[in-house]
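Chemist: Can you read through this structure? Questions will come right after.
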Amino acid sequence: SQQGEEDPQALSIQEGENATMNCSYKTSINNLQWYRQNSGRGLVHLILIRSNEREKHSGRLRVTLDTSKKSSSLLITASRAADTASYFCATDAKGFQKLVFGTGTRLLVSP
Amino acid sequence: EAEVAQSPRYKITEKSQAVAFWCDPISGHATLYWYRQILGQGPELLVQFQDESVVDDSQLPKDRFSAERLKGVDSTLKIQPAELGDSAMYLCASSPTSVHNEQFFGPGTRLTVL
């Protein structure tokens with residue numbers, strides 16, 4: 001079974017609004033990563049947050065990590081139609097020796 | 001900007017036929033991954049190579065799937081015979097090291113088995 005579960009499964013917003021998606025995982029991690037996948041394409045790495053970090057920013061992206069709750073959130077501010085994609089969290093879990101991807105959140109940003 | 005190349009982009013085959021996918025990682029990347037992604041789900045690792053050696057193939061259905069990276073550069077994933085349940089996106093990714101930091105993905109091969 002997959003390590004991460006994203007919530008919500010689907011999210012629909014208007015351009016300019018913020019989008020927040022959450023990821024929960026099951027075991028201790030070395031790091032957690034977020035990837036974006038446009039329809040029918042490969043994944044693109046967005047941001048990595050290590051287990052000893054609590055928050056990280058990259059442009060319009062803000063990621064938080066709460067290791068006590070085994071959860072992470074990805075916030076996209078001032079969303080654009082081009083942000084329409086699926087977003088996956090991936091955990092480098094201790095003892096797994098590989099990245100394990102979650103089920104993804106499908107984001108639709110309408111003009 | 002360097003990219004991971006995959007071919008073909010799309011493949012339609014009939015069940016019981018053999019199919020093969022090719023991946024050329026970013027130059028200098030020692031670690032190569034093959035993932036399978038079923039529609040609506042996240043990618044699942046099939047096999048990981050470090051140079052030419054298999055590091056993890058625990059999720060590879062070895063009765064019908066095989067993967068090789070003979071010279072530690074490009075890689076081939078083969079399915080023989082294909083089954084209906086193999087219909088999925090097959091993604092290749094590479095990274096400079098085996099430390100699980102950023103992975104660079106190719107565009108994928110969409111396989112449809114009829």
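Chain identifiers are assigned as A, B, and so on, following the order in which chains appear in the structure tokens; residues are numbered from 1 within each chain, and ligands are numbered from 1 in order of appearance.
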Kindly assemble as a Markdown table a list of the chain A residues that lie within 9 Å of chain B, each paired with its nearest atom pair and their distance in Å to one decimal, using only C-alpha atoms, sorted first by chain and then by ascending residue number.
Modeler:
```
| residue | atom | partner | partner_atom | distance |
| --- | --- | --- | --- | --- |
| A:Gln2 | CA | B:Glu44 | CA | 8.1 |
| A:Asn30 | CA | B:His100 | CA | 8.8 |
| A:Asn31 | CA | B:Asn101 | CA | 8.0 |
| A:Gln33 | CA | B:Glu102 | CA | 7.9 |
| A:Gly40 | CA | B:Pro107 | CA | 8.0 |
| A:Arg41 | CA | B:Pro107 | CA | 5.0 |
| A:Gly42 | CA | B:Pro107 | CA | 4.3 |
| A:Leu43 | CA | B:Phe105 | CA | 5.6 |
| A:Val44 | CA | B:Phe105 | CA | 6.7 |
| A:His45 | CA | B:Glu102 | CA | 6.4 |
| A:Leu46 | CA | B:Glu102 | CA | 8.8 |
| A:Ile47 | CA | B:Glu102 | CA | 8.3 |
| A:Leu48 | CA | B:Asn101 | CA | 7.5 |
| A:Phe88 | CA | B:Gly42 | CA | 7.0 |
| A:Cys89 | CA | B:Gly42 | CA | 9.0 |
| A:Asp92 | CA | B:His100 | CA | 6.3 |
| A:Gln97 | CA | B:His100 | CA | 7.9 |
| A:Lys98 | CA | B:His100 | CA | 6.7 |
| A:Leu99 | CA | B:His100 | CA | 6.7 |
| A:Val100 | CA | B:Glu44 | CA | 7.0 |
| A:Phe101 | CA | B:Gly42 | CA | 5.5 |
| A:Gly102 | CA | B:Gly42 | CA | 5.6 |
| A:Thr103 | CA | B:Gly42 | CA | 4.8 |
| A:Gly104 | CA | B:Gly42 | CA | 6.2 |
```
Chemist: Run DSSP on the backbone of this structure and report the residues of segment 2-109 of chain B it assigns to strand (DSSP E), as JSON, numbers by chain.
Modeler: {"B": [5, 6, 7, 10, 11, 12, 13, 19, 20, 21, 22, 23, 24, 31, 32, 33, 34, 35, 36, 37, 44, 45, 46, 47, 48, 49, 50, 53, 54, 55, 56, 65, 66, 67, 68, 75, 76, 77, 78, 79, 88, 89, 90, 91, 92, 93, 94, 95, 104, 105, 109]}
Chemist: Between B:Val54, B:Ile38, B:Leu114, B:Leu77, single out the one closest to Ser16 of chain B, counting only C-alpha atoms.
Modeler: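 Checking each of B:Val54, B:Ile38, B:Leu114, B:Leu77 against Ser16 of chain B, counting only C-alpha atoms, the winner is B:Leu114.
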Chemist: Please provide the set of residues having any atom within 8 Å of Leu60 of chain B, restricted to only C-alpha atoms, with same-chain residues fewer than 4 positions apart removed, written as a PDB file with N, CA and C atoms, in the first residue's frame.
Modeler:
```
ATOM      1  N   LEU B  46       8.905   0.046  -9.675  1.00  0.00           N
ATOM      2  CA  LEU B  46       9.078  -1.322 -10.163  1.00  0.00           C
ATOM      3  C   LEU B  46      10.511  -1.793  -9.931  1.00  0.00           C
ATOM      4  N   VAL B  47      11.479  -0.958 -10.316  1.00  0.00           N
ATOM      5  CA  VAL B  47      12.877  -1.354 -10.214  1.00  0.00           C
ATOM      6  C   VAL B  47      13.749  -0.108 -10.113  1.00  0.00           C
ATOM      7  N   PHE B  65       7.945  -9.478 -16.267  1.00  0.00           N
ATOM      8  CA  PHE B  65       8.674  -8.219 -16.432  1.00  0.00           C
ATOM      9  C   PHE B  65      10.174  -8.463 -16.280  1.00  0.00           C
ATOM     10  N   SER B  66      10.944  -7.742 -17.092  1.00  0.00           N
ATOM     11  CA  SER B  66      12.401  -7.751 -16.930  1.00  0.00           C
ATOM     12  C   SER B  66      12.929  -6.359 -17.226  1.00  0.00           C
TER      13      SER B  66
END
```
Chemist: Do you know which residues are at most 8 Å from segment 22-28 of chain A counting only C-alpha atoms, after dropping those on the same chain fewer than 5 positions away, and could you put them as a PyMOL selection string?
Modeler: chain A and resi 3-8+67+70-74+89+91+93-94+102
Chemist: Give me, as a PyMOL selection string, all polymer residues having an atom no more than 8 Å from Thr77 of chain A, counting only C-alpha atoms and skipping those fewer than 4 positions away in the same chain.
Modeler: chain A and resi 16-19+60-61
Chemist: Which residues are near Arg64 of chain B? Cut-off 7 Å, only C-alpha atoms, ignore same chain within fewer than 6 positions. Put them as an MDAnalysis selection string.
Modeler: chainID B and resid 79:81
Chemist: Ranking B:Leu32, B:Val113, B:Cys23, B:Val73 by minimum distance to Ser95 of chain B and counting only C-alpha atoms, which one comes first?
Modeler: B:Leu32
Chemist: Between atom CA of Leu84 of chain B and atom CA of Ala18 of chain B, what distance in Å does the model show, to one decimal?
Modeler: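 It comes out at 12.5 Å.
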Chemist: If you count only C-alpha atoms, which residues fall within 7 Å of Ala30 of chain B, apart from same-chain ones fewer than 2 positions away, as a ChimeraX atom specification?
Modeler: /B:28,32,50-51,95-97
Chemist: Of the residues A:Glu55, A:Ile49, A:Met21, A:Gln37, which is the one nearest to Gln37 of chain B, using only C-alpha atoms?
Modeler: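 So, comparing all the options, the nearest one is A:Gln37.
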